[in-house]
$ cat upload08.cif   # mmCIF, C-alpha atoms
data_entry
#
loop_
_atom_site.label_atom_id
_atom_site.label_comp_id
_atom_site.auth_asym_id
_atom_site.auth_seq_id
_atom_site.Cartn_x
_atom_site.Cartn_y
_atom_site.Cartn_z
CA MET A 1 113.26 80.34 -29.25
CA LYS A 2 110.24 81.08 -31.40
CA LYS A 3 110.19 77.59 -32.80
CA PHE A 4 110.08 76.13 -29.27
CA ASP A 5 106.99 78.21 -28.44
CA LEU A 6 105.12 76.92 -31.48
CA GLU A 7 105.84 73.31 -30.58
CA LEU A 8 104.72 73.88 -27.00
CA MET A 9 101.45 75.39 -28.20
CA VAL A 10 100.75 72.44 -30.51
CA GLY A 11 101.52 70.03 -27.71
CA LEU A 12 99.19 71.80 -25.29
CA PHE A 13 96.48 71.91 -27.94
CA ILE A 14 96.69 68.19 -28.57
CA LEU A 15 96.70 67.47 -24.84
CA ALA A 16 93.55 69.57 -24.41
CA GLY A 17 91.99 67.68 -27.33
CA ILE A 18 92.76 64.32 -25.77
CA ILE A 19 91.26 65.39 -22.45
CA CYS A 20 88.12 66.59 -24.22
CA LEU A 21 87.89 63.30 -26.10
CA GLY A 22 88.26 61.31 -22.88
CA TYR A 23 85.61 63.39 -21.15
CA LEU A 24 83.23 62.97 -24.07
CA SER A 25 83.62 59.22 -24.30
CA ILE A 26 83.07 58.80 -20.57
CA LYS A 27 80.00 61.06 -20.65
CA LEU A 28 78.46 59.60 -23.78
CA GLY A 29 79.26 56.01 -22.89
CA LYS A 30 77.86 56.67 -19.39
CA MET A 31 80.92 54.98 -17.94
CA GLU A 32 81.87 55.61 -14.39
CA VAL A 33 85.32 56.59 -13.21
CA LEU A 34 86.59 55.94 -9.71
CA GLY A 35 83.97 53.36 -8.80
CA GLY A 36 80.96 55.51 -9.54
CA LYS A 37 78.49 57.16 -7.23
CA GLY A 38 75.73 55.67 -5.16
CA TYR A 39 75.27 52.25 -3.64
CA GLU A 40 74.59 48.73 -4.83
CA VAL A 41 71.87 46.18 -4.26
CA TYR A 42 71.43 42.85 -5.99
CA ALA A 43 68.49 40.87 -7.27
CA ILE A 44 68.02 37.31 -8.51
CA PHE A 45 65.98 36.78 -11.66
CA SER A 46 64.93 33.47 -13.19
CA ASN A 47 65.30 34.99 -16.65
CA ILE A 48 66.60 38.39 -17.72
CA GLY A 49 66.03 37.93 -21.45
CA GLY A 50 69.24 39.56 -22.63
CA LEU A 51 69.61 42.42 -20.16
CA LYS A 52 73.14 43.82 -20.40
CA THR A 53 75.68 45.42 -18.11
CA GLY A 54 75.02 49.16 -18.34
CA SER A 55 71.29 48.77 -19.02
CA SER A 56 69.26 51.47 -17.33
CA ILE A 57 67.19 51.20 -14.17
CA GLU A 58 63.99 53.21 -14.16
CA VAL A 59 61.59 54.30 -11.48
CA ALA A 60 58.34 55.71 -12.87
CA GLY A 61 60.07 55.96 -16.24
CA VAL A 62 62.90 58.11 -14.87
CA ASP A 63 66.44 56.86 -15.47
CA MET A 64 67.89 56.31 -12.00
CA GLY A 65 70.88 53.99 -12.37
CA ARG A 66 72.77 51.31 -14.25
CA VAL A 67 73.12 47.56 -14.14
CA LYS A 68 76.60 47.08 -12.78
CA SER A 69 77.18 43.40 -13.33
CA ILE A 70 75.38 40.22 -14.29
CA THR A 71 76.54 36.78 -13.21
CA LEU A 72 75.07 33.30 -13.27
CA ASP A 73 74.34 32.04 -9.77
CA ASN A 74 72.89 28.54 -9.43
CA TYR A 75 71.43 28.77 -12.97
CA GLN A 76 69.74 32.05 -12.14
CA ALA A 77 70.77 35.56 -13.09
CA ARG A 78 72.31 37.63 -10.29
CA VAL A 79 72.08 41.28 -11.25
CA VAL A 80 73.90 44.02 -9.33
CA LEU A 81 72.14 47.39 -9.51
CA ASN A 82 73.91 50.69 -8.98
CA LEU A 83 71.57 53.28 -7.49
CA PRO A 84 72.05 56.88 -6.33
CA TRP A 85 72.08 57.59 -2.58
CA SER A 86 69.02 59.81 -2.95
CA LEU A 87 66.92 56.82 -4.04
CA LYS A 88 65.74 54.58 -1.20
CA ILE A 89 64.36 51.19 -2.17
CA GLN A 90 61.79 49.66 0.16
CA GLU A 91 62.00 46.03 1.09
CA ASP A 92 58.82 45.15 -0.82
CA ALA A 93 59.73 47.08 -3.98
CA ILE A 94 59.52 44.94 -7.13
CA ALA A 95 62.24 44.87 -9.79
CA SER A 96 61.01 43.70 -13.17
CA VAL A 97 62.80 43.23 -16.47
CA LYS A 98 60.94 45.14 -19.15
CA THR A 99 61.34 45.81 -22.84
CA LYS A 100 61.27 49.23 -24.46
CA GLY A 101 58.47 48.84 -26.96
CA LEU A 102 57.82 45.43 -28.47
CA ILE A 103 61.33 44.53 -29.56
CA GLY A 104 63.41 47.24 -27.93
CA GLU A 105 66.24 46.99 -25.43
CA LYS A 106 65.77 45.54 -21.98
CA TYR A 107 65.79 47.62 -18.81
CA ILE A 108 64.87 47.20 -15.15
CA GLU A 109 61.82 48.93 -13.77
CA ILE A 110 61.45 49.31 -10.03
CA THR A 111 57.97 49.80 -8.61
CA PRO A 112 58.37 51.27 -5.11
CA GLY A 113 56.70 49.48 -2.22
CA GLY A 114 55.06 50.61 0.99
CA SER A 115 57.26 48.97 3.60
CA GLU A 116 59.05 51.09 6.19
CA LYS A 117 62.10 48.86 5.90
CA VAL A 118 64.64 50.06 3.36
CA ILE A 119 67.13 47.79 1.57
CA GLU A 120 70.64 48.43 2.88
CA PRO A 121 73.62 48.85 0.52
CA GLY A 122 74.71 45.37 -0.57
CA GLY A 123 71.30 43.95 0.32
CA ARG A 124 68.99 41.91 -1.83
CA MET A 125 65.83 42.94 -3.62
CA ARG A 126 63.70 39.91 -2.93
CA GLU A 127 60.74 40.67 -5.18
CA THR A 128 61.62 40.25 -8.83
CA GLN A 129 59.73 39.65 -12.02
CA PRO A 130 61.57 37.98 -14.91
CA ALA A 131 61.45 39.07 -18.52
CA VAL A 132 58.24 38.00 -20.19
CA ASP A 133 59.03 35.84 -23.18
CA LEU A 134 56.60 37.14 -25.78
CA GLU A 135 57.52 34.46 -28.26
CA GLU A 136 56.75 31.73 -25.76
CA LEU A 137 53.48 33.34 -24.77
CA ILE A 138 52.39 33.67 -28.39
CA SER A 139 53.36 30.08 -29.13
CA LYS A 140 51.26 28.96 -26.18
CA PHE A 141 48.23 30.61 -27.70
CA VAL A 142 49.05 29.49 -31.22
CA PHE A 143 49.89 25.86 -30.56
CA GLY A 144 47.62 25.40 -27.58
CA LYS A 145 44.54 25.39 -29.73
CA ILE A 146 45.32 22.13 -31.55
CA MET B 1 81.43 1.75 27.96
CA SER B 2 78.26 3.42 29.12
CA LEU B 3 79.52 6.96 28.64
CA PRO B 4 80.05 6.73 24.86
CA TYR B 5 76.74 4.95 24.62
CA LEU B 6 75.00 7.75 26.50
CA PHE B 7 76.74 10.29 24.31
CA ARG B 8 75.65 8.53 21.17
CA THR B 9 72.01 8.38 22.26
CA LEU B 10 72.14 12.03 23.19
CA VAL B 11 73.54 12.98 19.80
CA SER B 12 71.02 10.91 17.91
CA LEU B 13 68.24 12.34 20.05
CA LEU B 14 69.45 15.85 19.27
CA LEU B 15 69.57 15.00 15.60
CA VAL B 16 66.02 13.70 15.60
CA VAL B 17 64.73 16.76 17.46
CA GLY B 18 66.71 19.06 15.18
CA VAL B 19 65.35 17.41 12.08
CA THR B 20 61.73 17.16 13.17
CA ALA B 21 61.36 20.67 14.56
CA PRO B 22 61.19 22.46 11.16
CA VAL B 23 58.95 19.74 9.77
CA LEU B 24 56.35 20.53 12.42
CA ALA B 25 56.03 24.04 11.02
CA GLY B 26 55.13 22.52 7.67
CA LYS B 27 57.01 22.99 4.45
CA PRO B 28 55.76 25.69 2.07
CA THR B 29 55.17 23.18 -0.72
CA GLU B 30 53.17 20.91 1.58
CA GLN B 31 50.98 23.79 2.64
CA ILE B 32 50.35 24.90 -0.94
CA GLN B 33 49.60 21.29 -1.85
CA GLN B 34 47.16 20.97 1.03
CA THR B 35 45.21 24.04 -0.03
CA THR B 36 45.26 23.06 -3.72
CA ASP B 37 44.00 19.56 -2.91
CA LYS B 38 41.28 21.01 -0.72
CA ILE B 39 40.07 23.33 -3.49
CA LEU B 40 40.25 20.58 -6.11
CA SER B 41 38.19 18.25 -3.93
CA ILE B 42 35.54 20.97 -3.54
CA VAL B 43 35.43 21.64 -7.29
CA LYS B 44 35.30 17.92 -8.11
CA ASP B 45 32.71 17.12 -5.43
CA PRO B 46 29.58 15.81 -7.22
CA ALA B 47 27.41 16.91 -4.27
CA LEU B 48 28.36 20.53 -4.97
CA LYS B 49 27.82 20.45 -8.73
CA GLY B 50 25.16 22.43 -10.55
CA PRO B 51 24.13 26.07 -10.58
CA SER B 52 21.92 25.73 -7.50
CA LYS B 53 24.96 24.89 -5.36
CA ALA B 54 27.15 27.64 -6.82
CA GLN B 55 26.85 29.80 -3.71
CA GLU B 56 27.84 26.97 -1.39
CA ARG B 57 30.72 25.92 -3.62
CA ARG B 58 32.07 29.46 -3.83
CA GLY B 59 31.84 29.78 -0.07
CA SER B 60 33.90 26.65 0.55
CA VAL B 61 36.53 27.60 -2.03
CA ARG B 62 36.79 31.05 -0.50
CA LYS B 63 37.28 29.57 2.95
CA ALA B 64 40.07 27.32 1.70
CA VAL B 65 41.79 30.24 -0.05
CA ASP B 66 41.43 32.53 2.97
CA GLU B 67 43.34 30.02 5.09
CA ARG B 68 46.41 30.23 2.86
CA PHE B 69 46.39 33.82 1.57
CA ASP B 70 47.59 36.75 3.62
CA TRP B 71 45.13 39.31 2.25
CA GLU B 72 46.39 42.15 4.39
CA GLU B 73 49.98 41.70 3.28
CA MET B 74 48.88 41.38 -0.34
CA ALA B 75 46.74 44.53 -0.14
CA ARG B 76 49.51 46.42 1.63
CA ARG B 77 52.04 45.51 -1.03
CA SER B 78 49.59 46.32 -3.83
CA LEU B 79 48.78 49.76 -2.47
CA GLY B 80 52.52 50.40 -2.07
CA ARG B 81 53.49 53.86 -0.84
CA TYR B 82 49.89 54.93 -0.25
CA TRP B 83 49.22 52.29 2.41
CA ALA B 84 50.90 54.25 5.19
CA GLN B 85 48.70 57.31 4.54
CA ARG B 86 45.47 55.45 5.26
CA THR B 87 43.75 55.15 8.63
CA ALA B 88 43.19 51.76 10.30
CA GLU B 89 39.53 51.86 9.28
CA GLU B 90 40.36 52.63 5.65
CA LYS B 91 42.97 49.86 5.61
CA ARG B 92 40.42 47.33 6.81
CA GLU B 93 37.95 48.36 4.15
CA PHE B 94 40.61 48.26 1.46
CA VAL B 95 41.76 44.76 2.46
CA ARG B 96 38.17 43.51 2.30
CA LEU B 97 37.56 45.05 -1.14
CA PHE B 98 40.92 43.87 -2.46
CA SER B 99 40.41 40.27 -1.36
CA GLU B 100 36.94 40.28 -2.93
CA LEU B 101 38.32 41.71 -6.16
CA VAL B 102 41.01 39.03 -6.43
CA GLU B 103 38.65 36.24 -5.52
CA ARG B 104 35.96 37.36 -7.95
CA THR B 105 38.51 37.73 -10.72
CA TYR B 106 39.89 34.23 -10.27
CA MET B 107 36.81 32.37 -9.02
CA GLY B 108 35.54 32.04 -12.59
CA LYS B 109 38.78 30.29 -13.55
CA VAL B 110 38.40 27.86 -10.66
CA GLU B 111 34.81 27.11 -11.65
CA ASP B 112 35.88 26.34 -15.20
CA TYR B 113 38.03 23.51 -13.86
CA SER B 114 38.31 20.72 -16.41
CA GLY B 115 40.81 18.16 -15.19
CA GLU B 116 43.97 20.27 -15.07
CA LYS B 117 46.81 18.66 -13.20
CA VAL B 118 49.21 20.34 -10.83
CA ARG B 119 52.92 19.49 -10.73
CA TYR B 120 55.15 20.74 -7.93
CA GLU B 121 58.53 21.92 -9.19
CA GLY B 122 60.27 22.56 -5.90
CA GLU B 123 60.75 25.37 -3.48
CA THR B 124 63.41 27.81 -2.31
CA ILE B 125 63.43 28.98 1.28
CA ASP B 126 65.35 32.07 2.36
CA GLY B 127 64.82 32.85 6.03
CA ASP B 128 61.19 33.78 6.54
CA TYR B 129 60.46 33.90 2.81
CA ALA B 130 59.86 31.10 0.35
CA VAL B 131 58.97 30.59 -3.30
CA VAL B 132 57.04 27.51 -4.41
CA LYS B 133 57.10 26.74 -8.11
CA VAL B 134 54.09 24.99 -9.57
CA ILE B 135 53.19 23.95 -13.11
CA ILE B 136 49.55 23.63 -14.08
CA MET B 137 49.11 21.20 -16.95
CA THR B 138 45.98 21.77 -18.95
CA GLN B 139 44.36 19.09 -21.05
CA LYS B 140 45.48 20.85 -24.20
CA ASN B 141 49.04 20.24 -23.02
CA LYS B 142 49.68 23.87 -22.30
CA ASP B 143 51.90 24.29 -19.28
CA ILE B 144 51.30 27.34 -17.14
CA SER B 145 53.94 28.18 -14.59
CA VAL B 146 52.77 29.64 -11.31
CA ASP B 147 55.06 30.88 -8.52
CA TYR B 148 53.70 31.32 -5.03
CA ARG B 149 55.64 33.69 -2.78
CA LEU B 150 55.13 32.93 0.88
CA GLN B 151 56.03 34.48 4.18
CA LYS B 152 56.38 32.60 7.46
CA GLU B 153 53.60 33.53 9.83
CA GLY B 154 53.79 31.77 13.18
CA THR B 155 53.75 28.05 12.42
CA GLY B 156 52.47 28.28 8.86
CA TRP B 157 53.35 29.86 5.55
CA LEU B 158 51.04 32.40 3.97
CA VAL B 159 50.96 33.52 0.34
CA TYR B 160 51.60 37.22 -0.29
CA ASP B 161 52.11 37.20 -4.05
CA VAL B 162 51.35 34.94 -7.01
CA SER B 163 53.23 35.11 -10.31
CA ILE B 164 51.58 33.57 -13.34
CA GLU B 165 53.97 33.08 -16.25
CA GLY B 166 56.36 35.41 -14.46
CA VAL B 167 53.85 38.25 -14.14
CA SER B 168 53.33 39.22 -10.53
CA LEU B 169 49.80 39.85 -9.29
CA VAL B 170 50.95 42.41 -6.71
CA ASN B 171 53.04 44.30 -9.28
CA ASN B 172 50.11 44.36 -11.69
CA TYR B 173 47.73 45.82 -9.11
CA ARG B 174 50.39 48.13 -7.71
CA THR B 175 50.97 49.90 -11.04
CA GLN B 176 47.23 50.14 -11.69
CA PHE B 177 46.37 51.45 -8.20
CA ASN B 178 49.25 53.92 -8.29
CA SER B 179 48.22 55.40 -11.60
CA ILE B 180 44.55 55.67 -10.55
CA ILE B 181 45.52 57.42 -7.29
CA LEU B 182 47.88 59.76 -9.13
CA GLN B 183 45.32 60.64 -11.78
CA SER B 184 42.43 61.15 -9.38
CA SER B 185 42.32 60.15 -5.72
CA TYR B 186 42.19 57.26 -3.29
CA GLU B 187 38.42 57.78 -2.99
CA ASN B 188 38.07 57.28 -6.72
CA LEU B 189 40.07 54.04 -6.51
CA LEU B 190 37.72 52.80 -3.77
CA LYS B 191 34.72 53.72 -5.90
CA ARG B 192 36.09 51.84 -8.89
CA LEU B 193 36.90 48.79 -6.75
CA LYS B 194 33.37 48.78 -5.34
CA VAL B 195 31.84 48.97 -8.82
CA LYS B 196 34.07 46.17 -10.06
CA VAL B 197 33.31 43.91 -7.08
CA ALA B 198 29.55 44.56 -7.32
CA ARG B 199 29.40 43.86 -11.04
CA GLU B 200 30.92 40.41 -11.11
#

$ encode --input "upload08.cif" --output "structure tokens"
Amino acid sequence: MKKFDLELMVGLFILAGIICLGYLSIKLGKMEVLGGKGYEVYAIFSNIGGLKTGSSIEVAGVDMGRVKSITLDNYQARVVLNLPWSLKIQEDAIASVKTKGLIGEKYIEITPGGSEKVIEPGGRMRETQPAVDLEELISKFVFGKI
Amino acid sequence: MSLPYLFRTLVSLLLVVGVTAPVLAGKPTEQIQQTTDKILSIVKDPALKGPSKAQERRGSVRKAVDERFDWEEMARRSLGRYWAQRTAEEKREFVRLFSELVERTYMGKVEDYSGEKVRYEGETIDGDYAVVKVIIMTQKNKDISVDYRLQKEGTGWLVYDVSIEGVSLVNNYRTQFNSIILQSSYENLLKRLKVKVARE
């Protein structure tokens, strides 16, 4: 009888450990279970310069959401953004692909607009600004002078 | 015999009307091309060369640009969330200052014209919005890509944003205006705009 109790305790302990581990990996990996919260809008970029699924979306530097998926649509990047319900995006808001620092990771910055019309869930953010290719810009200045 | 014939004429008539109707409104690329050609002809015009004619030349260029640019829409988008808080009078003043700022900033570039060529790379139309892609080829063989974003306004298309090398003009001004308003006030932004416009 006593032996059975010990085994039960160990089993419960390990189960609790596994649950903790699962919770941690979901929290740290910023994964979403059960479809996630908020709503989705999409945007078409001519170049996203290596933006990845899960990259952050910032408004005024505040982390407000994640990139849900990236697909190629007619040789352009179609990016689905997952945003919280509390954040309304105006129709003339601009989504731009930016880099953290000079060579850091890519993220999407949204500059809010002034329109009264708000983008509905599933709608499209029309105004986008692609990633600026620093290398190309530098080469234009370097080689342009010949 | 006559019924199918009638039917066929009717269908072809419908087709012709259906095809020509959008053409009457003018395609975005055609309208951009028209304005570009107009400005180029002013800049190239030997009768308007020389410093003594600078005023006249600037006036004609400005007129050509005004026809194609929707300054109010551009100013509204640049001011972003703060636009709605302004009175009608303030909005008018802001639009005037904004258009002068943009024109003064870019007029110098137009005056420096030295045989650059413009290549039209196609357009995408989505309802009442369109993007026209243009490449400006300089003589040093540097290609500069410019995207015009247009909105349908009545029968024509008007520009509300210009992206040069992917950097949007409206976004650039929007972040600057927003940070100035946040740091000080709208009045301070107006003051700075006035100083900038008067200086150049």

$ closest_residue --input "upload08.cif" --among "A:Ala95, A:Ile119, A:Met64, A:Ala43" --to "chain B" --atoms "only C-alpha atoms"
A:Ala95

$ resolve_selection --input "upload08.cif" --expression "the PyMOL selection byres ((chain A) within 6 of (chain B))" --output "number ranges by chain"
A: 113-114, 129-130, 144

$ resolve_selection --input "upload08.cif" --expression "the PyMOL selection byres ((chain B and resi 199) around 12)" --output "PyMOL selection string"
chain B and resi 100-101+104-105+192-198+200

$ atom_distance --input "upload08.cif" --atom1 "CA of Leu87 (chain A)" --atom2 "CA of Thr111 (chain A)"
12.3 Å

$ residues_around --input "upload08.cif" --residues "Leu40 (chain B)" --least-positions-apart "3" --cutoff "10 Å" --atoms "all atoms listed in the file" --output "JSON, numbers by chain"
{"B": [34, 35, 36, 37, 43, 44, 45, 61, 110, 113, 115, 116, 117]}

$ atom_distance --input "upload08.cif" --atom1 "CA of Arg62 (chain B)" --atom2 "CA of Ile180 (chain B)"
27.7 Å

$ closest_residue --input "upload08.cif" --among "B:Ser52, B:Thr124, B:Ser41, B:Gln183" --to "Tyr148 (chain B)" --atoms "all atoms listed in the file"
B:Thr124

$ resolve_selection --input "upload08.cif" --expression "the PyMOL selection byres ((chain A and resi 50) around 9)" --output "CSV table (one decimal) with C-alpha atoms, in the coordinates of the input"
chain,number,residue,atom,x,y,z
A,47,ASN,CA,65.3,35.0,-16.6
A,48,ILE,CA,66.6,38.4,-17.7
A,49,GLY,CA,66.0,37.9,-21.4
A,51,LEU,CA,69.6,42.4,-20.2
A,52,LYS,CA,73.1,43.8,-20.4
A,105,GLU,CA,66.2,47.0,-25.4
A,106,LYS,CA,65.8,45.5,-22.0
A,131,ALA,CA,61.4,39.1,-18.5
